[in-house]
Number of protein chains: 2
Amino acid sequence: MNCIFCKIIAGEIPSVKIYEDELVFAFMDIAPINKGHVLVIPKEHHNSSSTVPEETGGRMFHVGSRIGVALKRGLDFEGFNLHLADGTCAGQVVNHAHLHVVPRGVEDGFHWNWRQLEYAEGESAETAERIKSKLKL
Amino acid sequence: MNCIFCKIIAGEIPSVKIYEDELVFAFMDIAPINKGHVLVIPKEHHNSSSTVPEETGGRMFHVGSRIGVALKRGLDFEGFNLHLADGTCAGQVVNHAHLHVVPRGVEDGFHWNWRQLEYAEGESAETAERIKSKLKL
């Protein structure tokens, strides 16, 4: 395979490592939203988060949130975001599932876009039925 | 406790449920970024993702990403984001850890802000040392 993140895990492409165990690898994002931005990835290659085994996803979530706490304690931030893009239209650039850990501060000058659409009467319940009809765990 | 999400889990406040098991509860966000936006929360109350047990975090990650697939299949989206805000400055509004699952499409008219800062020579490695010195799993 020609995956840049697999090559980082293998040490064929250099990275600044934060953490590694049998399931996950964490390293510094080279173009951070805020300085301290870390990526947590499964060692096993998965294009999508949806095929990552639950145990590995749990390790990613746990390591990501604990790195979030370390960002607060070590770099004087007050919060963090965990963010994952699945699919090009969602912002995924590297096709190896990766969880962003972004340190956040009151005065970091960054904010996420957000918007709030409104459902018509009954539309949310109808939408939920369509989701549930396709949900396979 | 006076937590709105604990009350949703208990059925004291109505919600449109997508999924429930012994560890997690998933329901429709009432003010979605795109229609189909779901929240996945631990049944046990945690203000922060960082205290959620790894097993529960794994279930949140797994259920969230599988709901993401259901959003694609059931609602004709092409991707999804998982997003979690930890701390007010990060955008956390309800103090019960929650994972957003946001369906995304090529033509959904939404994009996340993103920015890319640059590290000076050696700054990333120095920052990493400060993070690692505070990392407790």
# chains A, B, ... in the order shown; residues from 1 in each chain; ligands from 1
$ residues_around --residues "B:Glu78" --least-positions-apart "4" --cutoff "8 Å" --atoms "only C-alpha atoms" --output "list in words"
Gly87 and Cys89 of chain A; Lys72, Pro103, Arg104, Gly105 and Val106 of chain B
$ closest_atom_pairs --of "stretch 11-120 of chain A" --to "stretch 44-58 of chain B" --cutoff "6 Å" --atoms "only C-alpha atoms" --output "JSON lines"
{"residue": "A:Glu54", "atom": "CA", "partner": "B:Gly58", "partner_atom": "CA", "distance": 5.3}
{"residue": "A:Glu55", "atom": "CA", "partner": "B:Gly58", "partner_atom": "CA", "distance": 6.0}
{"residue": "A:Gly57", "atom": "CA", "partner": "B:Gly58", "partner_atom": "CA", "distance": 5.1}
{"residue": "A:Gly58", "atom": "CA", "partner": "B:Gly58", "partner_atom": "CA", "distance": 3.1}
{"residue": "A:Phe61", "atom": "CA", "partner": "B:Gly57", "partner_atom": "CA", "distance": 5.8}
{"residue": "A:His62", "atom": "CA", "partner": "B:Glu54", "partner_atom": "CA", "distance": 5.5}
{"residue": "A:Ser65", "atom": "CA", "partner": "B:Ser50", "partner_atom": "CA", "distance": 4.8}
{"residue": "A:Arg66", "atom": "CA", "partner": "B:Ser50", "partner_atom": "CA", "distance": 5.7}
$ write_last_selection --atoms "C-alpha atoms" --output "PDB file, in the first residue's frame"
ATOM      1  CA  GLU A  54     -14.634  -1.370  18.545  1.00  0.00           C
ATOM      2  CA  GLU A  55     -11.674  -2.121  20.810  1.00  0.00           C
ATOM      3  CA  GLY A  57     -11.946   2.762  18.390  1.00  0.00           C
ATOM      4  CA  GLY A  58     -12.158   2.735  22.163  1.00  0.00           C
ATOM      5  CA  PHE A  61     -11.200   7.712  21.871  1.00  0.00           C
ATOM      6  CA  HIS A  62      -9.461   7.128  25.198  1.00  0.00           C
ATOM      7  CA  SER A  65      -9.278  12.463  25.167  1.00  0.00           C
ATOM      8  CA  ARG A  66      -6.347  11.852  27.513  1.00  0.00           C
TER       9      ARG A  66
END
$ atom_distance --atom1 "atom CA of A:Ala90" --atom2 "atom CA of B:Gly79"
5.6 Å
$ residues_around --residues "A:Gly68" --least-positions-apart "3" --cutoff "9 Å" --atoms "only C-alpha atoms" --output "ChimeraX atom specification"
/A:38,63-65,71-73,79-82,101-103 /B:50,86,135
$ select_by_dssp --residues "stretch 2-137 of chain A" --states "helix (DSSP H, G or I)" --output "PyMOL selection string"
chain A and resi 4-9+49-51+54-75+88-90+123-134
$ residues_around --residues "stretch 20-33 of chain B" --least-positions-apart "2" --cutoff "6 Å" --atoms "only C-alpha atoms" --output "list of chain:residue names"
A:Arg115, A:Gln116, A:Leu117, A:Glu118, B:Val16, B:Lys17, B:Ile18, B:Lys35, B:His37, B:Val38, B:Leu39, B:Val40, B:Ile41, B:Pro42, B:Lys43, B:Thr56
$ select_by_dssp --residues "stretch 19-105 of chain A" --states "strand (DSSP E or B)" --output "number ranges by chain"
A: 19-20, 24-28, 38-42, 79-86, 99-104
$ residues_around --residues "B:Cys3" --least-positions-apart "2" --cutoff "12 Å" --atoms "only C-alpha atoms" --output "PDB file with all heavy atoms, in the first residue's frame"
ATOM      1  N   MET B   1     -29.155  15.274  39.995  1.00  0.00           N
ATOM      2  CA  MET B   1     -28.492  16.136  38.998  1.00  0.00           C
ATOM      3  C   MET B   1     -29.516  16.791  38.094  1.00  0.00           C
ATOM      4  O   MET B   1     -30.612  16.276  37.899  1.00  0.00           O
ATOM      5  CB  MET B   1     -27.528  15.312  38.151  1.00  0.00           C
ATOM      6  CG  MET B   1     -26.160  15.186  38.779  1.00  0.00           C
ATOM      7  SD  MET B   1     -24.977  14.602  37.583  1.00  0.00           S
ATOM      8  CE  MET B   1     -25.712  13.032  37.161  1.00  0.00           C
ATOM      9  N   PHE B   5     -29.285  15.874  29.392  1.00  0.00           N
ATOM     10  CA  PHE B   5     -29.063  14.603  28.688  1.00  0.00           C
ATOM     11  C   PHE B   5     -29.387  13.404  29.586  1.00  0.00           C
ATOM     12  O   PHE B   5     -29.910  12.389  29.102  1.00  0.00           O
ATOM     13  CB  PHE B   5     -27.647  14.520  28.127  1.00  0.00           C
ATOM     14  CG  PHE B   5     -27.424  15.363  26.896  1.00  0.00           C
ATOM     15  CD1 PHE B   5     -26.158  15.454  26.327  1.00  0.00           C
ATOM     16  CD2 PHE B   5     -28.458  16.067  26.291  1.00  0.00           C
ATOM     17  CE1 PHE B   5     -25.935  16.223  25.180  1.00  0.00           C
ATOM     18  CE2 PHE B   5     -28.247  16.842  25.148  1.00  0.00           C
ATOM     19  CZ  PHE B   5     -26.986  16.919  24.598  1.00  0.00           C
ATOM     20  N   CYS B   6     -29.100  13.503  30.873  1.00  0.00           N
ATOM     21  CA  CYS B   6     -29.508  12.431  31.792  1.00  0.00           C
ATOM     22  C   CYS B   6     -31.032  12.307  31.804  1.00  0.00           C
ATOM     23  O   CYS B   6     -31.568  11.196  31.866  1.00  0.00           O
ATOM     24  CB  CYS B   6     -28.978  12.702  33.200  1.00  0.00           C
ATOM     25  SG  CYS B   6     -27.197  12.407  33.374  1.00  0.00           S
ATOM     26  N   LYS B   7     -31.716  13.441  31.706  1.00  0.00           N
ATOM     27  CA  LYS B   7     -33.187  13.409  31.680  1.00  0.00           C
ATOM     28  C   LYS B   7     -33.703  12.814  30.369  1.00  0.00           C
ATOM     29  O   LYS B   7     -34.731  12.132  30.362  1.00  0.00           O
ATOM     30  CB  LYS B   7     -33.746  14.814  31.884  1.00  0.00           C
ATOM     31  CG  LYS B   7     -33.557  15.313  33.317  1.00  0.00           C
ATOM     32  CD  LYS B   7     -34.139  16.705  33.521  1.00  0.00           C
ATOM     33  CE  LYS B   7     -33.952  17.130  34.978  1.00  0.00           C
ATOM     34  NZ  LYS B   7     -34.431  18.509  35.208  1.00  0.00           N
ATOM     35  N   ILE B   8     -33.007  13.053  29.284  1.00  0.00           N
ATOM     36  CA  ILE B   8     -33.387  12.429  28.002  1.00  0.00           C
ATOM     37  C   ILE B   8     -33.225  10.915  28.092  1.00  0.00           C
ATOM     38  O   ILE B   8     -34.112  10.154  27.691  1.00  0.00           O
ATOM     39  CB  ILE B   8     -32.566  13.032  26.844  1.00  0.00           C
ATOM     40  CG1 ILE B   8     -33.133  14.423  26.489  1.00  0.00           C
ATOM     41  CG2 ILE B   8     -32.560  12.111  25.629  1.00  0.00           C
ATOM     42  CD1 ILE B   8     -32.351  15.168  25.430  1.00  0.00           C
ATOM     43  N   ILE B   9     -32.092  10.463  28.653  1.00  0.00           N
ATOM     44  CA  ILE B   9     -31.873   9.021  28.820  1.00  0.00           C
ATOM     45  C   ILE B   9     -32.971   8.401  29.678  1.00  0.00           C
ATOM     46  O   ILE B   9     -33.485   7.322  29.378  1.00  0.00           O
ATOM     47  CB  ILE B   9     -30.479   8.758  29.458  1.00  0.00           C
ATOM     48  CG1 ILE B   9     -29.371   9.180  28.507  1.00  0.00           C
ATOM     49  CG2 ILE B   9     -30.342   7.296  29.859  1.00  0.00           C
ATOM     50  CD1 ILE B   9     -27.999   9.283  29.163  1.00  0.00           C
ATOM     51  N   ALA B  10     -33.360   9.106  30.734  1.00  0.00           N
ATOM     52  CA  ALA B  10     -34.385   8.601  31.661  1.00  0.00           C
ATOM     53  C   ALA B  10     -35.791   8.712  31.088  1.00  0.00           C
ATOM     54  O   ALA B  10     -36.745   8.215  31.692  1.00  0.00           O
ATOM     55  CB  ALA B  10     -34.288   9.361  32.974  1.00  0.00           C
ATOM     56  N   GLU B  12     -37.420  11.473  30.794  1.00  0.00           N
ATOM     57  CA  GLU B  12     -38.131  12.587  31.441  1.00  0.00           C
ATOM     58  C   GLU B  12     -38.261  13.784  30.506  1.00  0.00           C
ATOM     59  O   GLU B  12     -39.114  14.647  30.693  1.00  0.00           O
ATOM     60  CB  GLU B  12     -37.398  12.999  32.724  1.00  0.00           C
ATOM     61  CG  GLU B  12     -37.387  11.886  33.764  1.00  0.00           C
ATOM     62  CD  GLU B  12     -36.379  12.145  34.881  1.00  0.00           C
ATOM     63  OE1 GLU B  12     -35.849  13.278  34.957  1.00  0.00           O
ATOM     64  OE2 GLU B  12     -36.111  11.206  35.652  1.00  0.00           O
ATOM     65  N   ILE B  13     -37.370  13.844  29.530  1.00  0.00           N
ATOM     66  CA  ILE B  13     -37.470  14.841  28.456  1.00  0.00           C
ATOM     67  C   ILE B  13     -37.559  14.032  27.155  1.00  0.00           C
ATOM     68  O   ILE B  13     -36.756  13.114  26.966  1.00  0.00           O
ATOM     69  CB  ILE B  13     -36.245  15.779  28.446  1.00  0.00           C
ATOM     70  CG1 ILE B  13     -36.239  16.680  29.678  1.00  0.00           C
ATOM     71  CG2 ILE B  13     -36.205  16.615  27.160  1.00  0.00           C
ATOM     72  CD1 ILE B  13     -35.019  17.568  29.801  1.00  0.00           C
ATOM     73  N   LYS B  43     -24.433   6.571  28.796  1.00  0.00           N
ATOM     74  CA  LYS B  43     -25.565   6.601  29.736  1.00  0.00           C
ATOM     75  C   LYS B  43     -25.124   7.112  31.104  1.00  0.00           C
ATOM     76  O   LYS B  43     -25.895   7.755  31.807  1.00  0.00           O
ATOM     77  CB  LYS B  43     -26.160   5.209  29.852  1.00  0.00           C
ATOM     78  CG  LYS B  43     -27.066   4.863  28.685  1.00  0.00           C
ATOM     79  CD  LYS B  43     -27.823   3.589  28.997  1.00  0.00           C
ATOM     80  CE  LYS B  43     -29.029   3.471  28.101  1.00  0.00           C
ATOM     81  NZ  LYS B  43     -29.730   2.178  28.361  1.00  0.00           N
ATOM     82  N   GLU B  44     -23.919   6.771  31.473  1.00  0.00           N
ATOM     83  CA  GLU B  44     -23.364   7.260  32.728  1.00  0.00           C
ATOM     84  C   GLU B  44     -22.983   8.728  32.526  1.00  0.00           C
ATOM     85  O   GLU B  44     -22.424   9.088  31.495  1.00  0.00           O
ATOM     86  CB  GLU B  44     -22.114   6.419  33.041  1.00  0.00           C
ATOM     87  CG  GLU B  44     -21.503   6.614  34.395  1.00  0.00           C
ATOM     88  CD  GLU B  44     -20.377   5.605  34.619  1.00  0.00           C
ATOM     89  OE1 GLU B  44     -19.240   5.853  34.135  1.00  0.00           O
ATOM     90  OE2 GLU B  44     -20.620   4.569  35.255  1.00  0.00           O
ATOM     91  N   HIS B  45     -23.288   9.551  33.508  1.00  0.00           N
ATOM     92  CA  HIS B  45     -22.978  10.967  33.361  1.00  0.00           C
ATOM     93  C   HIS B  45     -21.472  11.240  33.475  1.00  0.00           C
ATOM     94  O   HIS B  45     -20.846  10.851  34.463  1.00  0.00           O
ATOM     95  CB  HIS B  45     -23.707  11.810  34.411  1.00  0.00           C
ATOM     96  CG  HIS B  45     -23.434  13.272  34.256  1.00  0.00           C
ATOM     97  ND1 HIS B  45     -24.180  14.076  33.415  1.00  0.00           N
ATOM     98  CD2 HIS B  45     -22.451  14.068  34.753  1.00  0.00           C
ATOM     99  CE1 HIS B  45     -23.680  15.297  33.423  1.00  0.00           C
ATOM    100  NE2 HIS B  45     -22.627  15.318  34.234  1.00  0.00           N
ATOM    101  N   HIS B  46     -20.939  11.902  32.473  1.00  0.00           N
ATOM    102  CA  HIS B  46     -19.571  12.415  32.515  1.00  0.00           C
ATOM    103  C   HIS B  46     -19.583  13.801  31.902  1.00  0.00           C
ATOM    104  O   HIS B  46     -20.072  13.974  30.782  1.00  0.00           O
ATOM    105  CB  HIS B  46     -18.619  11.523  31.695  1.00  0.00           C
ATOM    106  CG  HIS B  46     -18.396  10.185  32.293  1.00  0.00           C
ATOM    107  ND1 HIS B  46     -17.398   9.944  33.213  1.00  0.00           N
ATOM    108  CD2 HIS B  46     -19.062   9.024  32.138  1.00  0.00           C
ATOM    109  CE1 HIS B  46     -17.451   8.665  33.585  1.00  0.00           C
ATOM    110  NE2 HIS B  46     -18.446   8.095  32.947  1.00  0.00           N
ATOM    111  N   ASN B  47     -19.084  14.778  32.620  1.00  0.00           N
ATOM    112  CA  ASN B  47     -18.948  16.109  32.028  1.00  0.00           C
ATOM    113  C   ASN B  47     -18.029  16.053  30.823  1.00  0.00           C
ATOM    114  O   ASN B  47     -18.293  16.663  29.795  1.00  0.00           O
ATOM    115  CB  ASN B  47     -18.335  17.097  33.038  1.00  0.00           C
ATOM    116  CG  ASN B  47     -19.294  17.527  34.127  1.00  0.00           C
ATOM    117  OD1 ASN B  47     -20.473  17.188  34.103  1.00  0.00           O
ATOM    118  ND2 ASN B  47     -18.781  18.268  35.089  1.00  0.00           N
ATOM    119  N   VAL B  93     -21.753  22.813  24.953  1.00  0.00           N
ATOM    120  CA  VAL B  93     -22.874  23.574  25.519  1.00  0.00           C
ATOM    121  C   VAL B  93     -23.537  22.791  26.652  1.00  0.00           C
ATOM    122  O   VAL B  93     -23.889  23.348  27.682  1.00  0.00           O
ATOM    123  CB  VAL B  93     -23.903  23.922  24.425  1.00  0.00           C
ATOM    124  CG1 VAL B  93     -25.111  24.645  25.013  1.00  0.00           C
ATOM    125  CG2 VAL B  93     -23.254  24.772  23.337  1.00  0.00           C
ATOM    126  N   VAL B  94     -23.703  21.476  26.472  1.00  0.00           N
ATOM    127  CA  VAL B  94     -24.289  20.627  27.515  1.00  0.00           C
ATOM    128  C   VAL B  94     -23.154  19.859  28.188  1.00  0.00           C
ATOM    129  O   VAL B  94     -22.353  19.203  27.509  1.00  0.00           O
ATOM    130  CB  VAL B  94     -25.326  19.654  26.921  1.00  0.00           C
ATOM    131  CG1 VAL B  94     -25.864  18.722  28.000  1.00  0.00           C
ATOM    132  CG2 VAL B  94     -26.465  20.423  26.259  1.00  0.00           C
ATOM    133  N   ASN B  95     -23.117  19.933  29.516  1.00  0.00           N
ATOM    134  CA  ASN B  95     -22.005  19.316  30.240  1.00  0.00           C
ATOM    135  C   ASN B  95     -22.225  17.835  30.526  1.00  0.00           C
ATOM    136  O   ASN B  95     -22.110  17.364  31.663  1.00  0.00           O
ATOM    137  CB  ASN B  95     -21.724  20.093  31.521  1.00  0.00           C
ATOM    138  CG  ASN B  95     -21.016  21.402  31.225  1.00  0.00           C
ATOM    139  OD1 ASN B  95     -20.198  21.493  30.305  1.00  0.00           O
ATOM    140  ND2 ASN B  95     -21.328  22.438  31.990  1.00  0.00           N
ATOM    141  N   HIS B  96     -22.559  17.120  29.472  1.00  0.00           N
ATOM    142  CA  HIS B  96     -22.616  15.651  29.484  1.00  0.00           C
ATOM    143  C   HIS B  96     -21.946  15.275  28.153  1.00  0.00           C
ATOM    144  O   HIS B  96     -22.446  15.650  27.078  1.00  0.00           O
ATOM    145  CB  HIS B  96     -24.080  15.200  29.551  1.00  0.00           C
ATOM    146  CG  HIS B  96     -24.296  13.707  29.621  1.00  0.00           C
ATOM    147  ND1 HIS B  96     -25.076  13.111  30.597  1.00  0.00           N
ATOM    148  CD2 HIS B  96     -23.864  12.701  28.834  1.00  0.00           C
ATOM    149  CE1 HIS B  96     -25.108  11.797  30.386  1.00  0.00           C
ATOM    150  NE2 HIS B  96     -24.374  11.521  29.328  1.00  0.00           N
ATOM    151  N   ALA B  97     -20.813  14.594  28.241  1.00  0.00           N
ATOM    152  CA  ALA B  97     -20.019  14.306  27.031  1.00  0.00           C
ATOM    153  C   ALA B  97     -20.903  13.786  25.909  1.00  0.00           C
ATOM    154  O   ALA B  97     -21.745  12.905  26.137  1.00  0.00           O
ATOM    155  CB  ALA B  97     -18.934  13.281  27.360  1.00  0.00           C
TER     156      ALA B  97
END
$ atom_distance --atom1 "atom CA of B:Leu137" --atom2 "atom CA of A:Asp108"
25.9 Å
$ closest_residue --among "A:Asp76, A:Glu107, A:Leu99, A:Lys134" --to "chain B" --atoms "only C-alpha atoms"
A:Lys134
$ atom_distance --atom1 "atom CA of B:Thr127" --atom2 "atom CA of A:Gly36"
6.3 Å
$ closest_residue --among "A:Glu126, A:Leu75, A:Ile131, A:His111" --to "B:Thr88" --atoms "only C-alpha atoms"
A:His111
$ closest_residue --among "B:Gly91, B:His83, B:Gly122, B:His100" --to "chain A" --atoms "only C-alpha atoms"
B:His83
$ decode --residues "stretch 11-99 of chain B" --atoms "C-alpha atoms" --output "mmCIF file, in the first residue's frame"
data_model
loop_
_atom_site.group_PDB
_atom_site.id
_atom_site.type_symbol
_atom_site.label_atom_id
_atom_site.label_comp_id
_atom_site.auth_asym_id
_atom_site.auth_seq_id
_atom_site.Cartn_x
_atom_site.Cartn_y
_atom_site.Cartn_z
ATOM 1 C CA GLY B 11 -37.251 9.556 29.338
ATOM 2 C CA GLU B 12 -38.131 12.587 31.441
ATOM 3 C CA ILE B 13 -37.470 14.841 28.456
ATOM 4 C CA PRO B 14 -38.670 13.533 25.072
ATOM 5 C CA SER B 15 -36.223 12.776 22.270
ATOM 6 C CA VAL B 16 -36.247 10.944 18.954
ATOM 7 C CA LYS B 17 -34.175 7.875 19.752
ATOM 8 C CA ILE B 18 -31.941 6.176 17.222
ATOM 9 C CA TYR B 19 -30.258 3.529 19.355
ATOM 10 C CA GLU B 20 -29.790 2.420 22.944
ATOM 11 C CA ASP B 21 -27.822 -0.291 24.687
ATOM 12 C CA GLU B 22 -26.392 -0.775 28.160
ATOM 13 C CA LEU B 23 -23.610 1.757 27.639
ATOM 14 C CA VAL B 24 -24.780 4.423 25.195
ATOM 15 C CA PHE B 25 -27.856 6.307 23.989
ATOM 16 C CA ALA B 26 -28.199 7.945 20.555
ATOM 17 C CA PHE B 27 -30.845 10.481 19.545
ATOM 18 C CA MET B 28 -31.582 13.152 16.980
ATOM 19 C CA ASP B 29 -30.023 16.588 17.505
ATOM 20 C CA ILE B 30 -32.927 19.058 17.511
ATOM 21 C CA ALA B 31 -30.960 21.775 15.677
ATOM 22 C CA PRO B 32 -28.937 19.826 13.121
ATOM 23 C CA ILE B 33 -26.033 20.978 10.970
ATOM 24 C CA ASN B 34 -27.570 18.694 8.336
ATOM 25 C CA LYS B 35 -30.829 16.817 8.752
ATOM 26 C CA GLY B 36 -29.954 13.443 10.251
ATOM 27 C CA HIS B 37 -27.435 14.875 12.758
ATOM 28 C CA VAL B 38 -27.303 12.483 15.734
ATOM 29 C CA LEU B 39 -25.776 12.684 19.208
ATOM 30 C CA VAL B 40 -24.233 9.620 20.864
ATOM 31 C CA ILE B 41 -23.835 9.888 24.626
ATOM 32 C CA PRO B 42 -22.701 7.655 27.473
ATOM 33 C CA LYS B 43 -25.565 6.601 29.736
ATOM 34 C CA GLU B 44 -23.364 7.260 32.728
ATOM 35 C CA HIS B 45 -22.978 10.967 33.361
ATOM 36 C CA HIS B 46 -19.571 12.415 32.515
ATOM 37 C CA ASN B 47 -18.948 16.109 32.028
ATOM 38 C CA SER B 48 -15.849 15.336 30.005
ATOM 39 C CA SER B 49 -14.929 12.725 27.424
ATOM 40 C CA SER B 50 -11.691 12.265 29.352
ATOM 41 C CA THR B 51 -13.377 10.392 32.199
ATOM 42 C CA VAL B 52 -15.524 8.141 29.999
ATOM 43 C CA PRO B 53 -14.322 4.528 30.446
ATOM 44 C CA GLU B 54 -12.480 3.145 27.436
ATOM 45 C CA GLU B 55 -15.117 0.459 26.838
ATOM 46 C CA THR B 56 -17.862 3.077 26.738
ATOM 47 C CA GLY B 57 -15.779 5.352 24.519
ATOM 48 C CA GLY B 58 -15.292 2.428 22.177
ATOM 49 C CA ARG B 59 -19.022 1.859 22.024
ATOM 50 C CA MET B 60 -19.594 5.578 21.351
ATOM 51 C CA PHE B 61 -17.015 5.531 18.554
ATOM 52 C CA HIS B 62 -18.398 2.309 17.066
ATOM 53 C CA VAL B 63 -22.069 3.284 17.280
ATOM 54 C CA GLY B 64 -21.256 6.779 16.005
ATOM 55 C CA SER B 65 -19.400 5.550 12.936
ATOM 56 C CA ARG B 66 -22.023 2.894 12.176
ATOM 57 C CA ILE B 67 -24.722 5.565 12.436
ATOM 58 C CA GLY B 68 -22.546 7.546 10.024
ATOM 59 C CA VAL B 69 -22.808 4.684 7.535
ATOM 60 C CA ALA B 70 -26.580 4.512 8.089
ATOM 61 C CA LEU B 71 -26.804 8.243 7.341
ATOM 62 C CA LYS B 72 -25.088 7.613 4.015
ATOM 63 C CA ARG B 73 -27.285 4.638 3.134
ATOM 64 C CA GLY B 74 -30.575 5.907 4.500
ATOM 65 C CA LEU B 75 -30.356 9.590 3.623
ATOM 66 C CA ASP B 76 -28.106 9.599 0.536
ATOM 67 C CA PHE B 77 -25.153 11.397 2.067
ATOM 68 C CA GLU B 78 -21.573 10.673 0.976
ATOM 69 C CA GLY B 79 -19.700 11.071 4.256
ATOM 70 C CA PHE B 80 -19.921 12.111 7.885
ATOM 71 C CA ASN B 81 -18.087 13.844 10.671
ATOM 72 C CA LEU B 82 -17.649 12.717 14.238
ATOM 73 C CA HIS B 83 -17.144 15.759 16.443
ATOM 74 C CA LEU B 84 -16.813 16.234 20.174
ATOM 75 C CA ALA B 85 -16.358 19.469 22.092
ATOM 76 C CA ASP B 86 -14.723 19.236 25.493
ATOM 77 C CA GLY B 87 -14.936 22.495 27.413
ATOM 78 C CA THR B 88 -16.953 25.662 26.851
ATOM 79 C CA CYS B 89 -14.207 27.285 24.792
ATOM 80 C CA ALA B 90 -14.292 24.247 22.491
ATOM 81 C CA GLY B 91 -18.017 24.654 21.886
ATOM 82 C CA GLN B 92 -19.417 22.306 24.550
ATOM 83 C CA VAL B 93 -22.874 23.574 25.519
ATOM 84 C CA VAL B 94 -24.289 20.627 27.515
ATOM 85 C CA ASN B 95 -22.005 19.316 30.240
ATOM 86 C CA HIS B 96 -22.616 15.651 29.484
ATOM 87 C CA ALA B 97 -20.019 14.306 27.031
ATOM 88 C CA HIS B 98 -21.575 13.879 23.571
ATOM 89 C CA LEU B 99 -20.332 12.783 20.195
#
